[in-house]
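With CSV, C-alpha atoms inside, this is coords-v8.csv:
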chain,number,residue,atom,x,y,z
Y,1,MET,CA,64.4,183.8,116.7
Y,2,ASN,CA,66.0,185.0,113.5
Y,3,GLY,CA,64.8,184.0,110.1
Y,4,GLY,CA,67.6,181.7,109.2
Y,5,TYR,CA,67.3,179.5,112.3
Y,6,SER,CA,63.5,179.5,112.0
Y,7,SER,CA,63.7,178.4,108.4
Y,8,LEU,CA,66.2,175.7,109.3
Y,9,ARG,CA,63.9,174.3,112.0
Y,10,THR,CA,60.9,174.4,109.8
Y,11,ASN,CA,62.5,172.7,106.8
Y,12,SER,CA,65.0,170.4,108.5
Y,13,ASP,CA,63.0,167.3,107.6
Y,14,TRP,CA,63.4,168.0,103.9
Y,15,LEU,CA,67.0,169.2,103.8
Y,16,PHE,CA,68.6,165.9,102.8
Y,17,THR,CA,65.7,164.3,100.9
Y,18,TYR,CA,67.9,164.0,97.8
Y,19,GLN,CA,70.0,161.4,99.7
Y,20,GLU,CA,67.0,159.2,100.4
Y,21,TYR,CA,66.2,158.9,96.7
Y,22,GLU,CA,69.6,158.4,95.1
Y,23,HIS,CA,68.1,156.5,92.2
Y,24,LEU,CA,66.3,159.7,91.1
Y,25,ASP,CA,69.6,161.6,90.7
Y,26,ILE,CA,68.2,164.7,92.5
Y,27,PRO,CA,70.9,167.4,92.6
Y,28,ASN,CA,71.9,168.6,96.1
Y,29,THR,CA,71.8,172.3,95.0
Y,30,THR,CA,69.4,174.4,93.0
Y,31,ASN,CA,72.0,175.8,90.7
Y,32,THR,CA,70.7,174.1,87.6
Y,33,LEU,CA,67.1,175.3,88.3
Y,34,GLU,CA,68.3,178.8,89.0
Y,35,GLY,CA,70.2,178.8,85.7
Y,36,LEU,CA,67.1,177.6,83.8
Y,37,PHE,CA,65.0,180.4,85.3
Y,38,SER,CA,67.6,183.0,84.5
Y,39,GLU,CA,67.6,181.8,80.9
Y,40,LEU,CA,63.8,181.9,80.8
Y,41,LYS,CA,63.7,185.4,82.2
Y,42,ARG,CA,66.2,186.6,79.7
Y,43,GLN,CA,64.2,185.2,76.8
Y,44,LEU,CA,60.9,186.5,78.2
Y,45,HIS,CA,62.5,190.0,78.5
Y,46,SER,CA,63.3,190.0,74.8
Y,47,HIS,CA,59.6,189.2,74.1
Y,48,HIS,CA,58.2,192.0,76.3
Y,49,GLY,CA,55.2,192.6,74.1
Y,50,LEU,CA,53.5,189.3,74.8
Y,51,ASN,CA,50.1,189.3,76.4
Y,52,GLU,CA,49.5,187.0,79.4
Y,53,HIS,CA,48.1,184.1,77.3
Y,54,ARG,CA,51.1,184.1,74.9
Y,55,LYS,CA,53.6,184.5,77.8
Y,56,LEU,CA,52.2,181.3,79.5
Y,57,ARG,CA,52.4,179.5,76.2
Y,58,PHE,CA,56.0,180.7,75.7
Y,59,ILE,CA,56.9,179.5,79.2
Y,60,LYS,CA,55.2,176.1,78.7
Y,61,ASP,CA,57.0,175.6,75.3
Y,62,PHE,CA,60.3,176.7,76.9
Y,63,LEU,CA,60.1,174.2,79.7
Y,64,LEU,CA,58.9,171.5,77.4
Y,65,SER,CA,61.9,172.0,75.1
Y,66,LYS,CA,64.3,171.9,78.1
Y,67,SER,CA,62.7,168.7,79.5
Y,68,ARG,CA,63.3,166.9,76.2
Y,69,LYS,CA,67.1,167.3,76.4

Take the structure I supplied and represent it as C-alpha cells, if you would.
Amino acid sequence: MNGGYSSLRTNSDWLFTYQEYEHLDIPNTTNTLEGLFSELKRQLHSHHGLNEHRKLRFIKDFLLSKSRK
C-alpha cells in the first residue's frame, strides 16, 4: 500500500470536518496557516541569536498578535 492511499484511509473520517461545523468558518485548505508559519519562520530567522526561552516568548507573542486581528 502506498503512503498516499494509506494516509487517505487513515484520515478519511476527518477530511470534511469543516463542512460539519459551518458556523465556525473553518477554511477548507491550510493555506492561511502555512502563510502564518512562513511569516513566523522569516521573522525568527532575522532574530537568530535568541535563546530557547526568548524564542518561545517571541513565538507566543507573534501568535497572540495574529489572533487579535

Skip Y:Phe62 itself and residues of its chain fewer than 3 positions away, then list as a PyMOL selection string all residues within 10 Å of it, counting all atoms listed in the file. chain Y and resi 36+39-40+43-44+56-59+65-67

Mind dumping the selected residues with C-alpha atoms as a PDB file, in the frame of the given file?
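Saved file again_26.pdb follows:
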ATOM      1  CA  LEU Y  36      67.100 177.600  83.800  1.00  0.00           C
ATOM      2  CA  GLU Y  39      67.600 181.800  80.900  1.00  0.00           C
ATOM      3  CA  LEU Y  40      63.800 181.900  80.800  1.00  0.00           C
ATOM      4  CA  GLN Y  43      64.200 185.200  76.800  1.00  0.00           C
ATOM      5  CA  LEU Y  44      60.900 186.500  78.200  1.00  0.00           C
ATOM      6  CA  LEU Y  56      52.200 181.300  79.500  1.00  0.00           C
ATOM      7  CA  ARG Y  57      52.400 179.500  76.200  1.00  0.00           C
ATOM      8  CA  PHE Y  58      56.000 180.700  75.700  1.00  0.00           C
ATOM      9  CA  ILE Y  59      56.900 179.500  79.200  1.00  0.00           C
ATOM     10  CA  SER Y  65      61.900 172.000  75.100  1.00  0.00           C
ATOM     11  CA  LYS Y  66      64.300 171.900  78.100  1.00  0.00           C
ATOM     12  CA  SER Y  67      62.700 168.700  79.500  1.00  0.00           C
TER      13      SER Y  67
END

Straight-line distance linking atom CA of Y:Thr17 with atom CA of Y:Asp61, stated in Å to one decimal: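 Distance reported for this atom pair: 29.3 Å.
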
Distance in Å - atom CA of Y:Lys55 versus atom CA of Y:Arg42: 12.9 Å
